[in-house]
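One structure is given below, encoded as structure tokens.
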Amino acid sequence: MRLPLVTESVAAGFPSPADDYVEAGIDLNEHLIARPSSTFFLRVSGDSMTDAGIHHGDLLIVDRSVEPRPGRIVVAAVEGAFTLKRLVRHQGRLRLEAAHAAYPPLELSDADDTRLWGVAIHVIHPL
Amino acid sequence: MAFATVLIDGNNFYASCEAALDPALIGRPLVVLSNNDGCIVARSAEARALGIAMGVPYFQVRRQLERQGVVVRSSNYALYADMSQRLMATLEPWVEELEVYSIDEAFGRLHRPAGAGPGKGSRGGDLSAWGLALRRQVRRHLGLPVAVGIAGSKTLAKVANRLAKQNPIQQGVFDLGAVPDPDPWLEQVPVEEVWGIGRKLSRWCRLRGVATARQLRDLPSGELRARCGVVGLRLQQDLRGHSCLLLQSVVPAKQETCVSRSFSEPVTSLAALREAIATYLSRAAEKLRRQRQRTGTVTVFVRSSPFNGTSLYANAATTTLPLASNDTAVLLAAALPLAERLFKPHKPLQKAGVLLQNLQPVEQLQHHLLVPLPPEQQQRREALMATIDGLNRRYGRGTVQWAACGLRPAWAMKRERLSRSATTRPADLPVVWAD
């Protein structure tokens, strides 16, 4: 339940000088998520992406409406599982690269390739 | 400026929701079961291709499904409701007015002509490009396949939607309002499939030689009106392209609220029936408070199984409240004695429910001459209800409930193959692998 921050109770006699300046508290939902209808949360398992700042156990916020651009971390739906990849442009074509060199890159057929599930926009990492 | 009416609906909605959040299901045959894992209510495209029929009882095809490697899931309403909200929020910017018709269907209204993209205009009467762009966006943003039917009225939009699904070449979108001649298309649709034509009415139509939507449209209006009055006339006008059924984007206040479920195993004891009625009543009272209404009467109804050899026992009892209320404790005190009256020791029950009628908005409170209503106490009770509702909303359904509802009842809905509620429960989030 969201309540505005008010500095005086209704019954008190002396008004607060701050009354005219009351602002709403910060809501992380509003702050981090531009488009709730296309935003999903995933849980990260594994540590191959720690260089990108994504650690095992982190909460990943993915917005499926964000335009996938080269350089972004994306979630791929491949062989029955969600995996983290980086989107790169290679010789004019878009492809998904894994953190480990052992995994071959995935060539994307076009912008609508359903294997590209969504773009990661934030990661929440507990310290 | 002409308007177009569109009907957008999800293909195999429940099955598609499951696959949207679980990539292991992509491309696999999948069926979703009804309450108590009773019948098949949704099939993925791959399951359809295997010839699995809709509505078939699960126990009848269980072995066959195992052999064919079909994935089976119980209905995960938490997931479907959330995906439905997302779908409607995604559709809203595409139309000028949206009417949410069911969990996976919505009617929309927009100006014709329009170009591809929400609300932007360009020359051209054909909205197919617009429909394809919408379809593409829903696919991208939610992973849900939808079909788009575009026409001059609601009934025709439903027809167009069906034609979009029926003809794969349309790619899921069909603009009936833009074809040079709608007749051959209307001829493709059997009269039973027209929105508003039920079993009896379609029999009546067939007897008169009306077998298709087109023939229904061309039937002299006097005949149809004589049979079903102004409802039939509106339907026919709709079919003729004169939009008679308007969009309802403002939902009228509900006149009654009902919660009823069938039991996963027959209820043979009064204690179990009391638990069930208490549970359904809590849910109904919650709905009332959310709808900002109070009820004046409480009805409890029970029914034994229609599939057993024994004769059907069905009964109901009603009580009127001296003061309209949405306080769960007050409603329980009214409903539980009714349940006791209805219970018969040798008649196992298969289904029960509560029905609340004479609903009044909370702003309106009629005082009773003889029943005192101390305002402070009323406020405290309301605050209590609000707190309980808030806790259940925040921490999950059933966090706080009345003891009368029972803790882990045997009769509760069986859902043995439930997927995780991946968009509504933090513990159920899908895993993304980084390795």
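Chain labels run A, B, ... following the order of the structure tokens; each chain numbers its residues from 1, and ligands are numbered from 1 in the order shown.
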Each chain A residue no farther than 8 Å from chain B, nearest pair in Å, only C-alpha atoms, as a tab-separated table:
```
residue	atom	partner	partner_atom	distance
A:Met1	CA	B:Gly390	CA	7.2
A:Pro36	CA	B:Arg86	CA	7.9
A:Ser37	CA	B:Arg86	CA	4.5
A:Ser38	CA	B:His141	CA	5.2
A:Phe40	CA	B:Thr423	CA	6.8
A:Phe41	CA	B:Leu429	CA	6.6
A:Leu42	CA	B:Pro430	CA	5.3
A:Arg43	CA	B:Val431	CA	4.8
A:Val44	CA	B:Val432	CA	5.1
A:Ser45	CA	B:Trp433	CA	5.0
A:Gly46	CA	B:Ala434	CA	4.7
A:Asp47	CA	B:Ala434	CA	5.8
A:Ser48	CA	B:Asp435	CA	4.9
A:Met49	CA	B:Ala434	CA	6.1
A:His56	CA	B:Ala434	CA	7.9
A:Asp63	CA	B:His141	CA	7.9
A:Arg64	CA	B:His141	CA	4.8
A:Ser65	CA	B:His141	CA	5.1
A:Val75	CA	B:Val432	CA	7.4
A:Ala77	CA	B:Pro23	CA	5.9
A:Val78	CA	B:Pro23	CA	7.4
A:Glu79	CA	B:Ala24	CA	7.2
A:Gly80	CA	B:Ala24	CA	3.6
A:Ala81	CA	B:Pro23	CA	5.4
A:Phe82	CA	B:Val432	CA	4.7
A:Thr83	CA	B:Trp433	CA	4.5
A:Leu84	CA	B:Ala434	CA	5.4
A:Ala99	CA	B:Asp435	CA	7.2
A:His100	CA	B:Asp435	CA	7.2
A:Asp112	CA	B:Arg140	CA	7.4
A:Thr114	CA	B:Arg140	CA	7.9
A:Trp117	CA	B:Arg140	CA	7.9
```
N, CA and C atoms of the current selection, written as a tab-separated table (two decimals), in the first residue's frame:
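Below is the file selection-v2.tsv, written as the result:
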```tsv
chain	number	residue	atom	x	y	z
A	1	MET	N	0.83	-1.20	0.00
A	1	MET	CA	0.00	0.00	0.00
A	1	MET	C	0.87	1.25	0.00
A	36	PRO	N	6.06	-1.75	-17.73
A	36	PRO	CA	5.77	-2.93	-16.91
A	36	PRO	C	5.18	-4.10	-17.71
A	37	SER	N	4.37	-3.78	-18.76
A	37	SER	CA	3.67	-4.88	-19.42
A	37	SER	C	4.63	-5.81	-20.15
A	38	SER	N	5.79	-5.33	-20.57
A	38	SER	CA	6.71	-6.20	-21.30
A	38	SER	C	7.96	-6.51	-20.48
A	40	PHE	N	9.98	-8.48	-17.46
A	40	PHE	CA	9.93	-9.72	-16.71
A	40	PHE	C	11.17	-9.83	-15.83
A	41	PHE	N	11.04	-10.61	-14.75
A	41	PHE	CA	12.19	-10.83	-13.86
A	41	PHE	C	12.70	-12.25	-14.01
A	42	LEU	N	14.02	-12.41	-14.06
A	42	LEU	CA	14.61	-13.74	-14.12
A	42	LEU	C	15.68	-13.85	-13.04
A	43	ARG	N	15.99	-15.07	-12.63
A	43	ARG	CA	17.01	-15.30	-11.61
A	43	ARG	C	18.25	-15.85	-12.30
A	44	VAL	N	19.42	-15.26	-12.04
A	44	VAL	CA	20.65	-15.67	-12.72
A	44	VAL	C	21.28	-16.87	-12.02
A	45	SER	N	21.68	-17.83	-12.82
A	45	SER	CA	22.40	-18.98	-12.26
A	45	SER	C	23.71	-19.15	-13.02
A	46	GLY	N	24.83	-19.12	-12.31
A	46	GLY	CA	26.11	-19.26	-13.00
A	46	GLY	C	26.87	-17.95	-12.94
A	47	ASP	N	28.16	-18.01	-13.18
A	47	ASP	CA	28.96	-16.79	-13.01
A	47	ASP	C	29.80	-16.43	-14.21
A	48	SER	N	29.38	-16.86	-15.40
A	48	SER	CA	30.19	-16.55	-16.57
A	48	SER	C	30.09	-15.08	-16.96
A	49	MET	N	29.11	-14.39	-16.41
A	49	MET	CA	28.90	-12.99	-16.81
A	49	MET	C	29.34	-12.00	-15.73
A	56	HIS	N	25.97	-14.78	-10.00
A	56	HIS	CA	25.08	-15.87	-9.65
A	56	HIS	C	24.12	-15.42	-8.56
A	63	ASP	N	13.44	-6.36	-20.38
A	63	ASP	CA	12.34	-5.69	-21.06
A	63	ASP	C	12.30	-6.18	-22.51
A	64	ARG	N	11.25	-6.92	-22.85
A	64	ARG	CA	11.15	-7.50	-24.17
A	64	ARG	C	10.80	-6.47	-25.25
A	65	SER	N	10.48	-5.25	-24.82
A	65	SER	CA	10.12	-4.25	-25.83
A	65	SER	C	11.32	-3.41	-26.24
A	75	VAL	N	18.80	-11.99	-23.22
A	75	VAL	CA	18.40	-13.33	-22.82
A	75	VAL	C	18.01	-14.06	-24.09
A	77	ALA	N	16.51	-17.66	-25.80
A	77	ALA	CA	15.74	-18.89	-25.52
A	77	ALA	C	16.24	-19.92	-26.51
A	78	VAL	N	17.15	-20.76	-26.03
A	78	VAL	CA	17.82	-21.69	-26.93
A	78	VAL	C	17.83	-23.09	-26.33
A	79	GLU	N	17.45	-24.08	-27.14
A	79	GLU	CA	17.49	-25.48	-26.69
A	79	GLU	C	16.79	-25.65	-25.34
A	80	GLY	N	15.62	-25.03	-25.22
A	80	GLY	CA	14.81	-25.26	-24.05
A	80	GLY	C	15.19	-24.51	-22.80
A	81	ALA	N	16.13	-23.57	-22.87
A	81	ALA	CA	16.51	-22.85	-21.66
A	81	ALA	C	16.81	-21.39	-21.97
A	82	PHE	N	16.69	-20.57	-20.93
A	82	PHE	CA	17.08	-19.16	-21.07
A	82	PHE	C	18.57	-19.07	-20.78
A	83	THR	N	19.32	-18.40	-21.65
A	83	THR	CA	20.73	-18.18	-21.36
A	83	THR	C	21.08	-16.73	-21.64
A	84	LEU	N	22.15	-16.29	-20.97
A	84	LEU	CA	22.61	-14.91	-21.17
A	84	LEU	C	23.63	-14.87	-22.29
A	99	ALA	N	29.57	-16.13	-23.17
A	99	ALA	CA	30.73	-15.62	-22.43
A	99	ALA	C	31.93	-16.54	-22.61
A	100	HIS	N	31.64	-17.84	-22.64
A	100	HIS	CA	32.74	-18.81	-22.83
A	100	HIS	C	33.01	-19.02	-24.30
A	112	ASP	N	13.28	-10.51	-35.97
A	112	ASP	CA	12.19	-11.18	-35.27
A	112	ASP	C	12.55	-12.58	-34.82
A	114	THR	N	12.96	-15.53	-32.89
A	114	THR	CA	12.37	-15.72	-31.56
A	114	THR	C	13.37	-16.25	-30.55
A	117	TRP	N	15.12	-13.50	-26.78
A	117	TRP	CA	13.93	-13.38	-25.95
A	117	TRP	C	13.73	-11.95	-25.44
```
Write out as a PDB file with C-alpha atoms, in the first residue's frame all residues of chain A that backbone DSSP assigns to strand (DSSP E).
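Once everything was written out, this is selection_10.pdb:
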```pdb
ATOM      1  CA  THR A  39       9.119  -6.416 -18.344  1.00  0.00           C
ATOM      2  CA  PHE A  40       9.932  -9.724 -16.706  1.00  0.00           C
ATOM      3  CA  PHE A  41      12.186 -10.834 -13.857  1.00  0.00           C
ATOM      4  CA  LEU A  42      14.610 -13.739 -14.118  1.00  0.00           C
ATOM      5  CA  ARG A  43      17.012 -15.300 -11.615  1.00  0.00           C
ATOM      6  CA  VAL A  44      20.648 -15.669 -12.719  1.00  0.00           C
ATOM      7  CA  SER A  45      22.400 -18.984 -12.259  1.00  0.00           C
ATOM      8  CA  LEU A  59      17.783 -10.657 -10.152  1.00  0.00           C
ATOM      9  CA  LEU A  60      17.737  -9.741 -13.813  1.00  0.00           C
ATOM     10  CA  ILE A  61      15.193  -7.274 -15.179  1.00  0.00           C
ATOM     11  CA  VAL A  62      14.417  -7.934 -18.829  1.00  0.00           C
ATOM     12  CA  ASP A  63      12.340  -5.692 -21.064  1.00  0.00           C
ATOM     13  CA  ILE A  73      23.323  -8.259 -22.837  1.00  0.00           C
ATOM     14  CA  VAL A  74      20.326 -10.269 -23.948  1.00  0.00           C
ATOM     15  CA  VAL A  75      18.403 -13.332 -22.823  1.00  0.00           C
ATOM     16  CA  ALA A  76      18.273 -16.036 -25.447  1.00  0.00           C
ATOM     17  CA  ALA A  77      15.745 -18.888 -25.519  1.00  0.00           C
ATOM     18  CA  VAL A  78      17.824 -21.695 -26.935  1.00  0.00           C
ATOM     19  CA  ALA A  81      16.505 -22.850 -21.658  1.00  0.00           C
ATOM     20  CA  PHE A  82      17.083 -19.157 -21.069  1.00  0.00           C
ATOM     21  CA  THR A  83      20.732 -18.177 -21.365  1.00  0.00           C
ATOM     22  CA  LEU A  84      22.608 -14.911 -21.170  1.00  0.00           C
ATOM     23  CA  LYS A  85      24.367 -13.768 -24.304  1.00  0.00           C
ATOM     24  CA  ARG A  86      25.880 -10.649 -25.713  1.00  0.00           C
ATOM     25  CA  LEU A  87      24.471  -9.303 -28.951  1.00  0.00           C
ATOM     26  CA  VAL A  88      27.185  -8.428 -31.453  1.00  0.00           C
ATOM     27  CA  ARG A  89      27.416  -7.420 -35.049  1.00  0.00           C
ATOM     28  CA  HIS A  90      29.791  -9.607 -37.013  1.00  0.00           C
ATOM     29  CA  ARG A  93      25.011  -9.764 -39.310  1.00  0.00           C
ATOM     30  CA  LEU A  94      23.670  -9.900 -35.778  1.00  0.00           C
ATOM     31  CA  ARG A  95      24.639 -12.820 -33.626  1.00  0.00           C
ATOM     32  CA  LEU A  96      24.530 -13.936 -30.007  1.00  0.00           C
ATOM     33  CA  GLU A  97      27.825 -14.694 -28.341  1.00  0.00           C
ATOM     34  CA  LEU A 106      24.316 -18.074 -32.753  1.00  0.00           C
ATOM     35  CA  GLU A 107      23.582 -16.366 -36.037  1.00  0.00           C
ATOM     36  CA  LEU A 116      16.271 -13.525 -28.910  1.00  0.00           C
ATOM     37  CA  TRP A 117      13.934 -13.378 -25.948  1.00  0.00           C
ATOM     38  CA  GLY A 118      14.620  -9.947 -24.472  1.00  0.00           C
ATOM     39  CA  VAL A 119      17.157  -7.281 -23.567  1.00  0.00           C
ATOM     40  CA  ALA A 120      18.486  -7.114 -19.996  1.00  0.00           C
ATOM     41  CA  ILE A 121      18.032  -3.594 -18.656  1.00  0.00           C
ATOM     42  CA  HIS A 122      19.005  -3.874 -14.988  1.00  0.00           C
ATOM     43  CA  VAL A 123      20.588  -6.353 -12.664  1.00  0.00           C
ATOM     44  CA  ILE A 124      19.871  -6.261  -8.940  1.00  0.00           C
TER      45      ILE A 124
END
```
Problem set entry | Shell of 10 Å around Leu407 (chain B), only C-alpha atoms, local chain residues under 4 positions omitted, as a ChimeraX atom specification | /B:275,398,401-403
Same residues, C-alpha atoms, saved as a compact mmCIF listing (two decimals), in the first residue's frame:
```txt
# COMPACT_ATOMS: atom_id res chain seq x y z
CA GLU B 275 -14.78 -25.49 5.27
CA GLY B 398 -4.42 -17.16 1.83
CA GLN B 401 -7.71 -16.46 6.47
CA TRP B 402 -10.57 -17.45 8.70
CA ALA B 403 -10.09 -20.64 10.71
```
For this session: as a PyMOL selection string, list the residues of region 97-316 of chain B assigned to helix (DSSP H, G or I) by DSSP on the backbone atoms of this structure.
Result: chain B and resi 128-142+154-166+168-170+176-178+183-187+191-193+199-207+213-218+221-239+270-290
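Coordinates place CA of Arg199 (chain B) at a distance of 25.3 Å from CA of Tyr58 (chain B).
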Seminar exercise, completed: With distances taken over only C-alpha atoms, the candidate from B:Phe301, B:Tyr313, B:Phe343, B:Phe263 nearest Leu355 (chain B) is B:Phe301
Exercise. Rounded to one decimal in Å, what is the spacing between CA of Arg35 (chain A) and CA of Leu144 (chain B)?
Worked result: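 If I compute the distance from CA of Arg35 (chain A) to CA of Leu144 (chain B), I get 16.9 Å.
You will find CA of Leu219 (chain B) at 29.1 Å from CA of Leu127 (chain B).
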